[in-house]
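Peer 1: For reference, this is run-v7.cif, and it has mmCIF, C-alpha atoms and all ligand atoms.
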data_work
#
loop_
_atom_site.label_atom_id
_atom_site.label_comp_id
_atom_site.auth_asym_id
_atom_site.auth_seq_id
_atom_site.Cartn_x
_atom_site.Cartn_y
_atom_site.Cartn_z
CA MET A 18 2.90 -8.04 -25.34
CA THR A 19 4.42 -4.59 -25.22
CA ARG A 20 3.64 -1.61 -23.04
CA GLU A 21 1.63 -0.17 -25.96
CA ASP A 22 -0.66 -3.12 -26.53
CA ALA A 23 -1.17 -4.06 -22.85
CA PRO A 24 -4.87 -4.17 -21.91
CA VAL A 25 -6.23 -0.91 -20.55
CA PHE A 26 -6.58 -2.32 -17.03
CA VAL A 27 -2.83 -3.04 -16.95
CA ARG A 28 -1.70 0.49 -17.83
CA GLU A 29 -2.20 1.89 -14.33
CA ILE A 30 -0.04 -0.82 -12.75
CA ILE A 31 2.65 -0.31 -15.42
CA LYS A 32 2.96 3.35 -14.48
CA THR A 33 2.87 2.76 -10.72
CA SER A 34 5.29 -0.16 -10.63
CA GLY A 35 7.80 1.71 -12.81
CA ASP A 36 7.55 4.73 -10.50
CA MET A 37 8.01 2.53 -7.40
CA TRP A 38 11.22 1.14 -8.85
CA MET A 39 12.46 4.61 -9.76
CA LYS A 40 11.81 5.80 -6.20
CA GLY A 41 14.07 3.07 -4.81
CA TRP A 42 11.22 1.32 -3.01
CA ALA A 43 11.23 -1.98 -4.91
CA GLU A 44 14.51 -3.88 -4.65
CA ALA A 45 14.44 -7.37 -6.20
CA ASN A 46 10.90 -8.72 -5.71
CA GLY A 47 10.16 -6.29 -2.86
CA GLY A 48 6.62 -4.99 -2.73
CA ASN A 49 3.35 -5.93 -4.37
CA ILE A 50 0.31 -4.23 -5.85
CA SER A 51 -3.39 -5.01 -6.19
CA LEU A 52 -6.20 -3.20 -7.94
CA ARG A 53 -9.87 -4.13 -7.64
CA LEU A 54 -11.06 -3.95 -11.21
CA ARG A 55 -14.00 -1.80 -12.21
CA PRO A 56 -16.23 -3.69 -14.68
CA GLU A 57 -17.40 -0.38 -16.11
CA LYS A 58 -13.81 0.24 -17.26
CA THR A 59 -12.61 -3.26 -18.08
CA GLY A 60 -15.77 -5.02 -19.24
CA ASP A 61 -16.61 -8.17 -17.31
CA LEU A 62 -13.54 -10.01 -18.69
CA SER A 63 -15.77 -13.01 -19.30
CA GLY A 64 -13.68 -13.79 -22.39
CA PHE A 65 -10.86 -15.06 -20.19
CA ALA A 66 -10.92 -18.81 -19.65
CA PRO A 67 -9.91 -19.79 -16.10
CA LYS A 68 -6.24 -20.82 -15.97
CA THR A 69 -6.40 -22.62 -12.61
CA ASP A 70 -8.82 -24.45 -10.36
CA TRP A 71 -10.30 -22.62 -7.38
CA ILE A 72 -7.64 -22.06 -4.72
CA PRO A 73 -9.05 -21.66 -1.18
CA LEU A 74 -8.32 -18.49 0.78
CA GLU A 75 -7.29 -18.65 4.44
CA LYS A 76 -10.44 -16.71 5.36
CA ALA A 77 -13.62 -16.26 3.35
CA LEU A 78 -14.16 -12.66 2.22
CA PRO A 79 -17.84 -12.31 1.33
CA GLY A 80 -17.50 -8.53 1.03
CA VAL A 81 -15.45 -8.95 -2.16
CA ALA A 82 -17.12 -12.14 -3.46
CA GLY A 83 -17.15 -12.31 -7.25
CA GLU A 84 -14.72 -9.39 -7.62
CA LYS A 85 -11.76 -9.42 -10.00
CA PHE A 86 -8.34 -8.08 -9.06
CA LEU A 87 -5.19 -7.23 -10.93
CA VAL A 88 -2.35 -8.47 -8.70
CA SER A 89 1.44 -8.58 -8.98
CA GLY A 90 3.04 -12.02 -9.02
CA THR A 91 5.06 -13.55 -6.21
CA GLY A 92 8.81 -13.36 -6.70
CA LYS A 93 8.42 -10.90 -9.57
CA PHE A 94 10.42 -7.69 -9.84
CA LEU A 95 8.13 -4.65 -10.01
CA ARG A 96 10.65 -3.00 -12.33
CA ASN A 97 9.91 -5.70 -14.91
CA ILE A 98 6.15 -5.09 -14.98
CA PRO A 99 6.41 -2.31 -17.60
CA LEU A 100 8.49 -4.62 -19.83
CA PHE A 101 6.51 -7.86 -19.52
CA PRO A 102 3.17 -7.25 -17.80
CA GLU A 103 1.73 -10.65 -18.72
CA LYS A 104 4.58 -12.42 -16.87
CA ASN A 105 4.68 -10.24 -13.77
CA VAL A 106 1.04 -9.49 -13.03
CA GLY A 107 -2.25 -11.31 -13.49
CA VAL A 108 -5.98 -11.14 -13.00
CA ILE A 109 -7.72 -13.28 -10.39
CA GLU A 110 -11.41 -13.62 -9.58
CA LEU A 111 -13.04 -14.63 -6.31
CA ASP A 112 -15.84 -17.18 -6.23
CA ALA A 113 -19.42 -16.39 -5.28
CA ALA A 114 -18.71 -16.93 -1.58
CA GLY A 115 -15.39 -15.04 -1.55
CA ALA A 116 -13.80 -18.23 -0.22
CA ALA A 117 -11.49 -19.13 -3.12
CA TYR A 118 -9.82 -17.54 -6.14
CA ARG A 119 -8.72 -18.63 -9.58
CA GLN A 120 -6.38 -17.10 -12.13
CA LEU A 121 -7.88 -15.67 -15.31
CA TRP A 122 -5.06 -13.88 -17.09
CA GLY A 123 -1.31 -13.25 -16.84
CA PHE A 124 1.27 -14.80 -14.47
CA GLU A 125 2.82 -16.34 -17.62
CA PRO A 126 3.86 -19.08 -17.88
CA ASP A 127 3.29 -20.61 -14.42
CA GLY A 128 3.38 -17.80 -11.85
CA ARG A 129 1.17 -17.14 -8.84
CA PRO A 130 -0.13 -14.04 -7.06
CA THR A 131 1.95 -12.28 -4.41
CA SER A 132 2.69 -14.01 -1.12
CA GLU A 133 0.90 -11.06 0.54
CA LEU A 134 -2.36 -11.85 -1.27
CA GLU A 135 -4.27 -12.40 1.99
CA ALA A 136 -3.24 -8.97 3.30
CA HIS A 137 -4.30 -7.35 0.04
CA LEU A 138 -7.65 -9.12 -0.27
CA ARG A 139 -8.61 -8.71 3.39
CA SER A 140 -7.73 -5.02 3.06
CA HIS A 141 -9.85 -4.70 -0.07
CA GLU A 142 -12.82 -6.19 1.74
CA VAL A 143 -12.70 -3.63 4.55
CA ILE A 144 -11.83 -0.59 2.42
CA LYS A 145 -14.56 -1.36 -0.10
CA ALA A 146 -17.19 -1.33 2.66
CA ALA A 147 -15.73 1.56 4.67
CA SER A 148 -15.26 3.82 1.64
CA GLY A 149 -18.64 3.14 0.04
CA ASN A 150 -16.94 1.32 -2.88
CA VAL A 151 -14.57 4.21 -3.61
CA LYS A 152 -11.18 2.71 -2.73
CA HIS A 153 -9.85 0.21 -5.28
CA ALA A 154 -6.07 0.12 -4.78
CA VAL A 155 -3.65 -1.40 -2.27
CA ILE A 156 0.14 -1.04 -2.46
CA HIS A 157 2.78 -2.70 -0.31
CA THR A 158 6.34 -1.45 -0.71
CA HIS A 159 9.70 -1.16 1.03
CA ALA A 160 9.94 2.64 1.30
CA PRO A 161 13.38 3.03 2.89
CA HIS A 162 12.95 6.13 5.03
CA LEU A 163 9.80 4.85 6.71
CA ILE A 164 11.59 1.54 7.38
CA ALA A 165 14.62 3.38 8.77
CA LEU A 166 12.37 5.25 11.22
CA THR A 167 11.24 1.92 12.67
CA TYR A 168 14.88 1.11 13.48
CA ALA A 169 15.81 4.57 14.76
CA LEU A 170 12.85 5.25 17.05
CA ALA A 171 10.45 3.59 19.48
CA LEU A 172 7.14 4.14 17.70
CA ASP A 173 3.43 3.65 18.20
CA THR A 174 0.57 4.82 16.03
CA PRO A 175 -0.02 8.27 17.61
CA ARG A 176 3.71 9.09 17.88
CA LEU A 177 4.54 7.97 14.33
CA THR A 178 1.57 9.95 13.06
CA LYS A 179 2.61 13.12 14.85
CA LEU A 180 6.29 12.78 13.90
CA LEU A 181 5.37 12.63 10.21
CA TRP A 182 2.90 15.52 10.52
CA GLN A 183 5.63 17.58 12.21
CA SER A 184 8.29 16.67 9.65
CA HIS A 185 6.52 17.93 6.53
CA ALA A 186 3.87 20.66 6.59
CA GLU A 187 1.60 18.96 4.03
CA CYS A 188 1.32 15.63 5.83
CA VAL A 189 -1.58 16.43 8.15
CA VAL A 190 -3.57 17.36 5.05
CA GLY A 191 -2.52 14.25 3.13
CA PHE A 192 -3.25 11.81 5.94
CA PRO A 193 -5.24 13.57 8.71
CA GLU A 194 -6.39 10.19 10.05
CA GLY A 195 -2.75 9.31 10.72
CA VAL A 196 -0.47 6.37 10.05
CA GLU A 197 -0.93 3.00 11.74
CA PHE A 198 2.15 1.36 13.26
CA ILE A 199 2.16 -2.45 13.08
CA PRO A 200 4.83 -4.12 15.26
CA TRP A 201 6.89 -6.83 13.54
CA MET A 202 4.99 -9.93 12.49
CA MET A 203 5.88 -12.60 9.96
CA ALA A 204 5.42 -11.42 6.37
CA GLY A 205 2.76 -13.32 4.46
CA SER A 206 1.14 -14.63 7.66
CA PRO A 207 -2.59 -14.60 8.47
CA GLU A 208 -1.72 -12.48 11.53
CA ILE A 209 -0.15 -9.66 9.53
CA ALA A 210 -2.94 -9.88 6.95
CA ALA A 211 -5.54 -9.41 9.71
CA ALA A 212 -3.59 -6.59 11.39
CA THR A 213 -3.14 -4.78 8.07
CA ALA A 214 -6.81 -4.99 7.09
CA ASP A 215 -7.78 -3.79 10.56
CA ALA A 216 -5.39 -0.82 10.21
CA LEU A 217 -6.62 0.12 6.75
CA LEU A 218 -10.18 0.18 8.05
CA ARG A 219 -9.21 3.28 10.05
CA ARG A 220 -6.30 4.76 8.12
CA ASN A 221 -4.91 4.83 4.57
CA LEU A 222 -1.32 4.06 5.61
CA ALA A 223 0.10 1.28 7.77
CA VAL A 224 3.84 0.92 8.49
CA TRP A 225 5.17 -2.58 9.10
CA GLN A 226 8.05 -2.40 11.60
CA PHE A 227 11.41 -3.38 10.02
CA HIS A 228 9.73 -4.16 6.68
CA GLY A 229 7.71 -1.58 4.77
CA VAL A 230 4.37 0.10 4.33
CA PHE A 231 0.84 -0.63 3.07
CA ALA A 232 -1.33 2.08 1.55
CA THR A 233 -4.79 2.29 0.08
CA GLY A 234 -6.63 4.79 -2.07
CA ARG A 235 -9.28 5.19 -4.73
CA ASN A 236 -6.67 4.28 -7.36
CA LEU A 237 -2.96 3.40 -7.51
CA ASP A 238 -1.94 7.05 -7.94
CA ALA A 239 -3.66 7.99 -4.68
CA ALA A 240 -2.06 5.15 -2.72
CA PHE A 241 1.34 5.84 -4.30
CA GLY A 242 1.09 9.54 -3.45
CA LEU A 243 0.42 8.85 0.22
CA ILE A 244 3.48 6.61 0.53
CA ASP A 245 5.57 9.19 -1.31
CA MET A 246 4.46 11.93 1.07
CA ALA A 247 4.99 9.86 4.23
CA ASP A 248 8.37 8.54 3.10
CA LYS A 249 9.52 12.07 2.25
CA ALA A 250 8.52 13.29 5.71
CA ALA A 251 10.53 10.43 7.22
CA GLN A 252 13.45 11.35 4.96
CA ILE A 253 13.33 15.01 6.04
CA TYR A 254 13.37 14.02 9.70
CA LEU A 255 16.28 11.61 9.19
CA MET A 256 18.23 14.19 7.16
CA ALA A 257 17.78 16.80 9.87
CA ARG A 258 18.97 14.31 12.49
CA ALA A 259 21.93 13.34 10.33
CA ALA A 260 22.82 17.02 10.06
CA GLY A 261 23.37 17.11 13.83
CA ARG A 262 20.12 17.44 15.76
CA VAL A 263 16.56 18.48 15.05
CA ALA A 264 16.66 21.92 16.61
CA CYS A 265 13.06 22.88 15.85
CA THR A 266 9.90 21.42 14.34
CA LEU A 267 6.26 22.21 13.65
CA THR A 268 4.47 22.63 16.97
CA THR A 269 1.21 20.91 17.91
CA ASP A 270 -0.55 24.23 17.50
CA GLN A 271 0.88 24.78 14.03
CA VAL A 272 -0.13 21.28 12.91
CA ALA A 273 -3.65 21.88 14.28
CA ARG A 274 -3.83 25.22 12.47
CA ILE A 275 -2.77 23.63 9.15
CA ALA A 276 -5.49 21.00 9.60
CA ALA A 277 -8.09 23.69 10.34
CA ASN A 278 -6.95 25.80 7.39
CA PHE A 279 -7.36 22.88 4.98
CA LYS A 280 -10.60 21.77 6.65
CA VAL A 281 -9.43 18.30 7.63
CA THR A 282 -9.91 16.63 11.01
CA ALA A 283 -6.57 15.57 12.46
CA ASP A 284 -6.67 12.38 14.52
CA PRO A 285 -6.94 13.63 18.15
CA ALA A 286 -4.64 10.85 19.43
CA GLY A 287 -1.97 11.96 16.95
CA LEU A 288 -2.27 15.59 17.96
CA ALA A 289 -2.08 14.66 21.66
CA ALA A 290 0.98 12.41 21.23
CA ASP A 291 4.20 13.39 22.99
CA THR A 292 7.06 13.41 20.46
CA ALA A 293 9.43 15.65 22.45
CA ASP A 294 12.07 12.89 22.75
CA TYR A 295 12.35 12.68 18.94
CA PHE A 296 13.52 16.26 18.85
CA ALA A 297 15.78 16.27 21.91
P1 LIG B 301 6.10 -11.24 -3.23
O1 LIG B 301 7.25 -11.38 -4.21
O2 LIG B 301 5.49 -12.56 -2.88
O3 LIG B 301 5.09 -10.23 -3.72
O4 LIG B 301 6.69 -10.69 -1.85
C1 LIG B 301 7.38 -9.48 -1.80
C2 LIG B 301 7.25 -8.82 -0.48
O5 LIG B 301 7.53 -7.65 -0.37
C3 LIG B 301 6.82 -9.63 0.69
O6 LIG B 301 6.51 -8.80 1.78
ZN ZN B 302 7.47 -6.79 1.65
#
What is this file in structure tokens?
Peer 2:
Amino acid sequence: MTREDAPVFVREIIKTSGDMWMKGWAEANGGNISLRLRPEKTGDLSGFAPKTDWIPLEKALPGVAGEKFLVSGTGKFLRNIPLFPEKNVGVIELDAAGAAYRQLWGFEPDGRPTSELEAHLRSHEVIKAASGNVKHAVIHTHAPHLIALTYALALDTPRLTKLLWQSHAECVVGFPEGVEFIPWMMAGSPEIAAATADALLRRNLAVWQFHGVFATGRNLDAAFGLIDMADKAAQIYLMARAAGRVACTLTTDQVARIAANFKVTADPAGLAADTADYFA
């Protein structure tokens, strides 16, 4: 299969995965992507014969029972998705209870979904309900400036949120609800899957300490854009620090005025956070 004759539902992931590689976010097999498929766009895909038996999930997810997802494969390089989509991504469907999944398409010849599947699917369950079925995309990636921040600074959710808002004047508009900070946990574990889904219930971005970031949105472009914005803010802050010291920054009042101007509600805990030590 070539990029041109890939099924329509694969085109969005081809664009996003290629962009993630170009941004320098996706070294080796770093990062993974999932998209909850819309039957109105893809058809019901009933022509695909199941390629595997049902594989039980760690936790049943009735909120996404019966749904189909396009998911990147474990160990696959995102930069290869545009070249060989059928090897590097696949379609899975959940059973009627949301307790198990099976593979319907892709992952050629004998691949499997990402090792972060639980984090993706648990996130999809909460974002589907919380967004009234609007949000369909989840991206995990190793955005380097956000990761570097977790080494350079002692962070928590309100302080990370405010630092990013202060480091790029558009950020409070892009993510007024803030950015969740998730202290280090084992990748691929049920614990980090639960913490990530819990974070994405409240916010569209969650930074994993020493590892990367998760984002959600109505489609892959929206989730990609949020990571791009947050990582750029982190980059600006780190560049200013590398230039000597951060002599000045957006004040709390200025951030609040930007939020008011663009008619978004900035997370009060973020606005109240004390970030003075980051600018000392
Ligand atoms: P996978 O290759 O299993 O998707 O894992 C990549 C990754 O980034 C794990 O956190
Ligand atoms: Zn990762």
Peer 1: Quick one: pull the distance between atom CA of Val281 of chain A and atom CA of Pro193 of chain A, Å, one decimal.
Peer 2: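 Atom-to-atom, atom CA of Val281 of chain A to atom CA of Pro193 of chain A, that is 6.4 Å.
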Peer 1: Quick one: residues within 9 Å of Pro200 of chain A, all atoms listed in the file, excluding same-chain residues fewer than 3 positions away - as a list in words?
Peer 2: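 The residues satisfying every condition are Leu172, Asp173, Val224, Trp225, Gln226 and Phe227 of chain A.
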Peer 1: Check which residues of chain A sit at most 7 Å from ligand ZN 302 (chain B) using all atoms listed in the file, and return one row each with the closest pair of atoms and their distance in Å to one decimal, ordered by chain and rising number, as a Markdown table.
Peer 2:
| residue | atom | partner | partner_atom | distance |
| --- | --- | --- | --- | --- |
| A:Gly47 | CA | B:ZN302 | ZN | 5.3 |
| A:Gly48 | CA | B:ZN302 | ZN | 4.8 |
| A:His157 | CA | B:ZN302 | ZN | 6.5 |
| A:Thr158 | CA | B:ZN302 | ZN | 5.9 |
| A:His159 | CA | B:ZN302 | ZN | 6.1 |
| A:Ala204 | CA | B:ZN302 | ZN | 6.9 |
| A:His228 | CA | B:ZN302 | ZN | 6.1 |
| A:Gly229 | CA | B:ZN302 | ZN | 6.1 |
Peer 1: Restricting the output to C-alpha atoms, write the selected residues as a PDB file, in the coordinates of the input.
Peer 2:
ATOM      1  CA  GLY A  47      10.160  -6.290  -2.860  1.00  0.00           C
ATOM      2  CA  GLY A  48       6.620  -4.990  -2.730  1.00  0.00           C
ATOM      3  CA  HIS A 157       2.780  -2.700  -0.310  1.00  0.00           C
ATOM      4  CA  THR A 158       6.340  -1.450  -0.710  1.00  0.00           C
ATOM      5  CA  HIS A 159       9.700  -1.160   1.030  1.00  0.00           C
ATOM      6  CA  ALA A 204       5.420 -11.420   6.370  1.00  0.00           C
ATOM      7  CA  HIS A 228       9.730  -4.160   6.680  1.00  0.00           C
ATOM      8  CA  GLY A 229       7.710  -1.580   4.770  1.00  0.00           C
TER       9      GLY A 229
END
Peer 1: Sort by chain and increasing residue number a table of all residues of chain A within 10 Å of ligand LIG 301 (chain B), each with its closest pair of atoms and their distance in Å to one decimal, counting only C-alpha atoms and all ligand atoms, and write it as a Markdown table.
Peer 2:
| residue | atom | partner | partner_atom | distance |
| --- | --- | --- | --- | --- |
| A:Ala43 | CA | B:LIG301 | O5 | 8.2 |
| A:Glu44 | CA | B:LIG301 | O5 | 9.0 |
| A:Ala45 | CA | B:LIG301 | O1 | 8.5 |
| A:Asn46 | CA | B:LIG301 | O1 | 4.8 |
| A:Gly47 | CA | B:LIG301 | O5 | 3.9 |
| A:Gly48 | CA | B:LIG301 | O5 | 3.7 |
| A:Asn49 | CA | B:LIG301 | O3 | 4.7 |
| A:Ile50 | CA | B:LIG301 | O3 | 8.0 |
| A:Val88 | CA | B:LIG301 | O3 | 9.1 |
| A:Ser89 | CA | B:LIG301 | O3 | 6.6 |
| A:Gly90 | CA | B:LIG301 | O3 | 6.0 |
| A:Thr91 | CA | B:LIG301 | O2 | 3.5 |
| A:Gly92 | CA | B:LIG301 | O1 | 3.5 |
| A:Lys93 | CA | B:LIG301 | O1 | 5.5 |
| A:Phe94 | CA | B:LIG301 | O1 | 7.4 |
| A:Leu95 | CA | B:LIG301 | O1 | 8.9 |
| A:Asn105 | CA | B:LIG301 | O1 | 10.0 |
| A:Arg129 | CA | B:LIG301 | O2 | 8.7 |
| A:Pro130 | CA | B:LIG301 | O2 | 7.2 |
| A:Thr131 | CA | B:LIG301 | O3 | 3.8 |
| A:Ser132 | CA | B:LIG301 | O2 | 3.6 |
| A:Glu133 | CA | B:LIG301 | O2 | 5.9 |
| A:Leu134 | CA | B:LIG301 | O3 | 8.0 |
| A:Ala136 | CA | B:LIG301 | O6 | 9.9 |
| A:His157 | CA | B:LIG301 | O5 | 6.9 |
| A:Thr158 | CA | B:LIG301 | O5 | 6.3 |
| A:His159 | CA | B:LIG301 | O5 | 7.0 |
| A:Met203 | CA | B:LIG301 | O6 | 9.0 |
| A:Ala204 | CA | B:LIG301 | O6 | 5.4 |
| A:Gly205 | CA | B:LIG301 | O6 | 6.5 |
| A:Ser206 | CA | B:LIG301 | O6 | 9.9 |
| A:Trp225 | CA | B:LIG301 | O6 | 9.7 |
| A:His228 | CA | B:LIG301 | O6 | 7.5 |
| A:Gly229 | CA | B:LIG301 | O6 | 7.9 |
| A:Val230 | CA | B:LIG301 | O6 | 9.5 |
Peer 1: As a list of chain:residue names, please: the residues near His153 of chain A (cut-off 9 Å, all atoms listed in the file, same-chain neighbours under 4 positions excluded).
Peer 2: A:Ser51, A:Leu52, A:Arg53, A:Leu54, A:Arg55, A:His141, A:Ile144, A:Lys145, A:Thr233, A:Gly234, A:Arg235, A:Asn236, A:Leu237
Peer 1: Report, in Å to a single decimal, how far apart atom CA of Val143 of chain A and atom CA of Ala77 of chain A are.
Peer 2: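 Atom CA of Ala77 of chain A sits 12.7 Å away from atom CA of Val143 of chain A.
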Peer 1: Hey, can you check how far atom CA of Ala289 of chain A sits from atom CA of Lys152 of chain A?
Peer 2: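 One can read the atom CA of Ala289 of chain A to atom CA of Lys152 of chain A distance as 28.6 Å.
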